[in-house]
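Right, one structure below, let's go through it.
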Amino acid sequence: MKRIILIGPIGCGKTTLRQEIQKTTKSYKKTQTIEYFHDIIDTPGEYIENRNYYSALIVSSVDCDVIGLTFDCSRKYYPLPPNIGPIFLKPVIGIVTKVDLCNEEDLKIAEQRLKISGAERIFKVSSKTGQGIEELREYLYK
Ligand SMILES: Nc1nc2c(ncn2[C@@H]2O[C@H](COP(=O)(O)OP(=O)(O)OP(=O)(O)O)[C@@H](O)[C@H]2O)c(=O)[nH]1
Ligand SMILES: [Mg+2]
């Protein structure tokens with residue numbers, strides 16, 4: 001199993017994705033602080049949108065096997081810095097979320113942005129339709 005830390009903008013769907021991966025009941029709650037689970041670390045979007053919190057993300061990522069940079073493809077503004085991946089010293093994957101809301105062009109742009117931030121492999125998921133979730137689960141739990 002690979003323990004993943006989900007990092008991405010406010011409201012991009014990290015917590016919903018965590019609930020989907022863990023197959024637990026979905027309940028909406030804004031993430032206020034870093035939340036630790038045996039298989040996933042969930043972080044608040046504010047932490048990557050505000051440089052002052054980078055060190056907290058780096059410290060938490062030490063307990064993980066992989067960094068999951070997450071971005072909602074329906075969103076135009078992209079707040080993740082280019083080439084942030086290497087600061088974590090761990091493999092980085094990109095997770096494009098909310099693909100149920102996006103067209104091919106949006107998907108391509110989201111994918112490119114995550115690659116520029118340092119993601120090596122890209123997963124495209126929807127926590128609403130379940131699209132792409134099994135592929136991600138397989139990658140994490142195999
Ligand atoms: N259409 C659609 N909506 C989604 C999807 N995933 C999450 N959402 C919605 O997006 C909103 C924000 O989801 P969260 O999972 O709380 O986002 P987050 O990244 O954890 O946000 P923070 O905790 O604030 O950083 C909620 O209203 C979700 O229902 C998805 O795959 N498709
Ligand atoms: Mg959250």
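Labels for the structure tokens follow display order: chains A, B, ..., residues from 1 in each chain, ligands from 1.
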Around ligand 1, out to 9 Å and counting only C-alpha atoms and all ligand atoms, which residues are there? I want them as an mmCIF file with N, CA and C atoms, in the first residue's frame.
```cif
data_model
loop_
_atom_site.group_PDB
_atom_site.id
_atom_site.type_symbol
_atom_site.label_atom_id
_atom_site.label_comp_id
_atom_site.auth_asym_id
_atom_site.auth_seq_id
_atom_site.Cartn_x
_atom_site.Cartn_y
_atom_site.Cartn_z
ATOM 1 N N LEU A 6 -2.913 14.229 0.076
ATOM 2 C CA LEU A 6 -3.658 14.979 -0.940
ATOM 3 C C LEU A 6 -3.431 16.473 -0.729
ATOM 4 N N ILE A 7 -2.884 17.100 -1.763
ATOM 5 C CA ILE A 7 -2.557 18.526 -1.696
ATOM 6 C C ILE A 7 -3.146 19.211 -2.920
ATOM 7 N N GLY A 8 -3.908 20.277 -2.696
ATOM 8 C CA GLY A 8 -4.491 20.983 -3.835
ATOM 9 C C GLY A 8 -5.348 22.131 -3.354
ATOM 10 N N PRO A 9 -5.812 22.970 -4.298
ATOM 11 C CA PRO A 9 -6.546 24.185 -3.951
ATOM 12 C C PRO A 9 -7.807 23.943 -3.125
ATOM 13 N N ILE A 10 -8.280 25.009 -2.514
ATOM 14 C CA ILE A 10 -9.508 24.997 -1.718
ATOM 15 C C ILE A 10 -10.679 24.511 -2.584
ATOM 16 N N GLY A 11 -11.406 23.532 -2.080
ATOM 17 C CA GLY A 11 -12.620 23.087 -2.749
ATOM 18 C C GLY A 11 -12.418 22.235 -3.996
ATOM 19 N N CYS A 12 -11.188 21.750 -4.239
ATOM 20 C CA CYS A 12 -10.946 20.996 -5.469
ATOM 21 C C CYS A 12 -11.440 19.543 -5.359
ATOM 22 N N GLY A 13 -11.847 19.135 -4.154
ATOM 23 C CA GLY A 13 -12.435 17.793 -4.017
ATOM 24 C C GLY A 13 -11.558 16.766 -3.324
ATOM 25 N N LYS A 14 -10.580 17.211 -2.541
ATOM 26 C CA LYS A 14 -9.663 16.274 -1.861
ATOM 27 C C LYS A 14 -10.392 15.400 -0.842
ATOM 28 N N THR A 15 -11.210 16.041 -0.001
ATOM 29 C CA THR A 15 -11.883 15.283 1.065
ATOM 30 C C THR A 15 -12.915 14.324 0.475
ATOM 31 N N THR A 16 -13.640 14.783 -0.522
ATOM 32 C CA THR A 16 -14.620 13.915 -1.183
ATOM 33 C C THR A 16 -13.905 12.728 -1.834
ATOM 34 N N LEU A 17 -12.749 12.991 -2.428
ATOM 35 C CA LEU A 17 -11.959 11.919 -3.042
ATOM 36 C C LEU A 17 -11.464 10.941 -1.973
ATOM 37 N N ARG A 18 -11.041 11.468 -0.852
ATOM 38 C CA ARG A 18 -10.610 10.589 0.248
ATOM 39 C C ARG A 18 -11.748 9.658 0.656
ATOM 40 N N GLN A 19 -12.931 10.223 0.803
ATOM 41 C CA GLN A 19 -14.086 9.417 1.215
ATOM 42 C C GLN A 19 -14.416 8.367 0.149
ATOM 43 N N LYS A 26 -20.063 9.694 2.390
ATOM 44 C CA LYS A 26 -19.654 11.054 2.041
ATOM 45 C C LYS A 26 -20.410 12.057 2.896
ATOM 46 N N SER A 27 -19.632 12.911 3.550
ATOM 47 C CA SER A 27 -20.283 14.002 4.260
ATOM 48 C C SER A 27 -19.403 15.221 4.071
ATOM 49 N N TYR A 28 -20.032 16.346 3.708
ATOM 50 C CA TYR A 28 -19.238 17.535 3.437
ATOM 51 C C TYR A 28 -18.803 18.228 4.721
ATOM 52 N N LYS A 29 -17.511 18.483 4.802
ATOM 53 C CA LYS A 29 -16.991 19.273 5.916
ATOM 54 C C LYS A 29 -15.725 19.943 5.434
ATOM 55 N N LYS A 30 -15.672 21.251 5.515
ATOM 56 C CA LYS A 30 -14.473 21.959 5.074
ATOM 57 C C LYS A 30 -13.283 21.510 5.939
ATOM 58 N N THR A 31 -12.175 21.170 5.299
ATOM 59 C CA THR A 31 -10.996 20.714 6.041
ATOM 60 C C THR A 31 -10.309 21.914 6.693
ATOM 61 N N GLN A 32 -10.148 21.854 8.010
ATOM 62 C CA GLN A 32 -9.604 23.006 8.753
ATOM 63 C C GLN A 32 -8.140 22.823 9.118
ATOM 64 N N THR A 33 -7.720 21.570 9.181
ATOM 65 C CA THR A 33 -6.338 21.297 9.580
ATOM 66 C C THR A 33 -5.915 19.999 8.900
ATOM 67 N N ASP A 42 -5.130 14.096 4.493
ATOM 68 C CA ASP A 42 -5.961 15.102 3.834
ATOM 69 C C ASP A 42 -5.534 16.476 4.356
ATOM 70 N N THR A 43 -5.352 17.423 3.462
ATOM 71 C CA THR A 43 -4.874 18.750 3.874
ATOM 72 C C THR A 43 -5.869 19.830 3.444
ATOM 73 N N PRO A 44 -5.895 20.952 4.138
ATOM 74 C CA PRO A 44 -6.769 22.049 3.715
ATOM 75 C C PRO A 44 -6.173 22.758 2.491
ATOM 76 N N GLY A 45 -7.036 23.178 1.580
ATOM 77 C CA GLY A 45 -6.572 23.888 0.386
ATOM 78 C C GLY A 45 -5.755 25.132 0.708
ATOM 79 N N GLU A 46 -6.063 25.749 1.834
ATOM 80 C CA GLU A 46 -5.342 26.970 2.228
ATOM 81 C C GLU A 46 -3.834 26.728 2.343
ATOM 82 N N TYR A 47 -3.467 25.485 2.677
ATOM 83 C CA TYR A 47 -2.047 25.212 2.928
ATOM 84 C C TYR A 47 -1.197 25.313 1.660
ATOM 85 N N THR A 70 -3.575 17.697 -6.499
ATOM 86 C CA THR A 70 -4.955 17.556 -6.917
ATOM 87 C C THR A 70 -5.452 18.875 -7.495
ATOM 88 N N PHE A 71 -6.149 18.804 -8.631
ATOM 89 C CA PHE A 71 -6.688 20.032 -9.235
ATOM 90 C C PHE A 71 -8.021 19.750 -9.911
ATOM 91 N N ASP A 72 -8.955 20.646 -9.683
ATOM 92 C CA ASP A 72 -10.314 20.542 -10.219
ATOM 93 C C ASP A 72 -10.345 21.144 -11.630
ATOM 94 N N SER A 74 -12.584 21.960 -13.602
ATOM 95 C CA SER A 74 -13.611 22.939 -13.975
ATOM 96 C C SER A 74 -13.185 24.347 -13.560
ATOM 97 N N THR A 97 -9.474 16.258 -10.708
ATOM 98 C CA THR A 97 -10.761 15.924 -10.085
ATOM 99 C C THR A 97 -11.928 16.556 -10.839
ATOM 100 N N LYS A 98 -13.137 16.102 -10.486
ATOM 101 C CA LYS A 98 -14.395 16.628 -11.038
ATOM 102 C C LYS A 98 -14.454 16.503 -12.565
ATOM 103 N N VAL A 99 -13.951 15.407 -13.099
ATOM 104 C CA VAL A 99 -13.955 15.254 -14.560
ATOM 105 C C VAL A 99 -15.383 15.190 -15.116
ATOM 106 N N ASP A 100 -16.361 14.931 -14.253
ATOM 107 C CA ASP A 100 -17.763 14.945 -14.705
ATOM 108 C C ASP A 100 -18.195 16.344 -15.151
ATOM 109 N N LEU A 101 -17.433 17.380 -14.751
ATOM 110 C CA LEU A 101 -17.809 18.757 -15.091
ATOM 111 C C LEU A 101 -17.021 19.303 -16.275
ATOM 112 N N VAL A 125 -10.222 11.684 -12.267
ATOM 113 C CA VAL A 125 -11.273 11.054 -11.473
ATOM 114 C C VAL A 125 -12.507 11.943 -11.303
ATOM 115 N N SER A 126 -13.607 11.287 -11.010
ATOM 116 C CA SER A 126 -14.803 11.979 -10.540
ATOM 117 C C SER A 126 -15.316 11.238 -9.322
ATOM 118 N N SER A 127 -15.449 11.943 -8.221
ATOM 119 C CA SER A 127 -15.998 11.334 -7.013
ATOM 120 C C SER A 127 -17.518 11.286 -7.106
ATOM 121 N N LYS A 128 -18.052 11.942 -8.126
ATOM 122 C CA LYS A 128 -19.506 11.946 -8.300
ATOM 123 C C LYS A 128 -19.949 10.708 -9.082
ATOM 124 N N THR A 129 -19.252 10.436 -10.203
ATOM 125 C CA THR A 129 -19.638 9.288 -11.038
ATOM 126 C C THR A 129 -18.798 8.049 -10.736
ATOM 127 N N GLY A 130 -17.685 8.229 -10.021
ATOM 128 C CA GLY A 130 -16.799 7.102 -9.730
ATOM 129 C C GLY A 130 -15.767 6.854 -10.824
ATOM 130 N N GLN A 131 -15.822 7.658 -11.879
ATOM 131 C CA GLN A 131 -14.872 7.490 -12.986
ATOM 132 C C GLN A 131 -13.419 7.606 -12.497
#
```
Open item on the list: I'd like to know which of A:Thr24, A:Tyr78, A:Glu35, A:Lys124 is closest to ligand 2, using only C-alpha atoms and all ligand atoms.
Closed with: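 When distances to ligand 2 are compared using only C-alpha atoms and all ligand atoms, the smallest one comes from A:Glu35.
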- [ ] Do a neighbour search on A:Leu80 at 9 Å with only C-alpha atoms, toss out local chain neighbours closer than 4 positions, and write the hits as a PyMOL selection string.
- [x] chain A and resi 8-9+48-49+69+71+84+113-114+117
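Residue nearest A:Ile58 within the list A:Pro86, A:Gly132, A:Pro79, A:Gly118: A:Pro86 [criterion: smallest interatomic distance, only C-alpha atoms].
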Task: Which residue of A:Lys23, A:Ile34, A:Cys64, A:Ile4 approaches ligand 2 most closely, using only C-alpha atoms and all ligand atoms - done: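 Closest to ligand 2, using only C-alpha atoms and all ligand atoms: A:Ile34.
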- [ ] From the DSSP assignment of the backbone, select every residue of stretch 18-127 of chain A that is strand (DSSP E), and format the answer as an MDAnalysis selection string.
- [x] chainID A and resid 35:36 40:42 66:72 92:97 121:124
Hey, can you spit out that residue selection with C-alpha atoms as a PDB file, in the first residue's frame?
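For reference, out27.pdb as written:
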```pdb
ATOM      1  CA  GLU A  35      -6.159  15.164   8.949  1.00  0.00           C
ATOM      2  CA  TYR A  36      -4.341  11.837   9.280  1.00  0.00           C
ATOM      3  CA  ILE A  40      -4.384   9.016   3.342  1.00  0.00           C
ATOM      4  CA  ILE A  41      -3.404  12.419   4.694  1.00  0.00           C
ATOM      5  CA  ASP A  42      -5.961  15.102   3.834  1.00  0.00           C
ATOM      6  CA  VAL A  66       3.451   9.506  -2.615  1.00  0.00           C
ATOM      7  CA  ILE A  67       2.316  13.112  -3.055  1.00  0.00           C
ATOM      8  CA  GLY A  68      -1.076  13.582  -4.735  1.00  0.00           C
ATOM      9  CA  LEU A  69      -1.275  17.030  -6.321  1.00  0.00           C
ATOM     10  CA  THR A  70      -4.955  17.556  -6.917  1.00  0.00           C
ATOM     11  CA  PHE A  71      -6.688  20.032  -9.235  1.00  0.00           C
ATOM     12  CA  ASP A  72     -10.314  20.542 -10.219  1.00  0.00           C
ATOM     13  CA  VAL A  92       4.447  12.995  -7.189  1.00  0.00           C
ATOM     14  CA  ILE A  93       1.268  12.042  -9.026  1.00  0.00           C
ATOM     15  CA  GLY A  94      -1.310  14.454 -10.412  1.00  0.00           C
ATOM     16  CA  ILE A  95      -5.011  13.897  -9.778  1.00  0.00           C
ATOM     17  CA  VAL A  96      -7.463  15.786 -11.981  1.00  0.00           C
ATOM     18  CA  THR A  97     -10.761  15.924 -10.085  1.00  0.00           C
ATOM     19  CA  ARG A 121       1.726  10.282 -13.704  1.00  0.00           C
ATOM     20  CA  ILE A 122      -1.798  11.686 -14.057  1.00  0.00           C
ATOM     21  CA  PHE A 123      -5.078  10.182 -12.847  1.00  0.00           C
ATOM     22  CA  LYS A 124      -8.432  11.627 -13.890  1.00  0.00           C
TER      23      LYS A 124
END
```
Open item on the list: When DSSP is applied to the backbone of this structure, which of chain A are assigned alpha helix (DSSP H)? Write them out as number ranges by chain.
Closed with: A: 14-22, 45-49, 54-61, 104-116, 133-141
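Across A:Ile133, A:Glu20, A:Phe88, A:Asn83, the tightest approach to A:Ala56 is made by A:Phe88 when counting only C-alpha atoms.
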- [ ] Provide the atom CA of A:Tyr53 to atom CA of A:Lys115 distance in Å, to one decimal place.
- [x] 22.0 Å
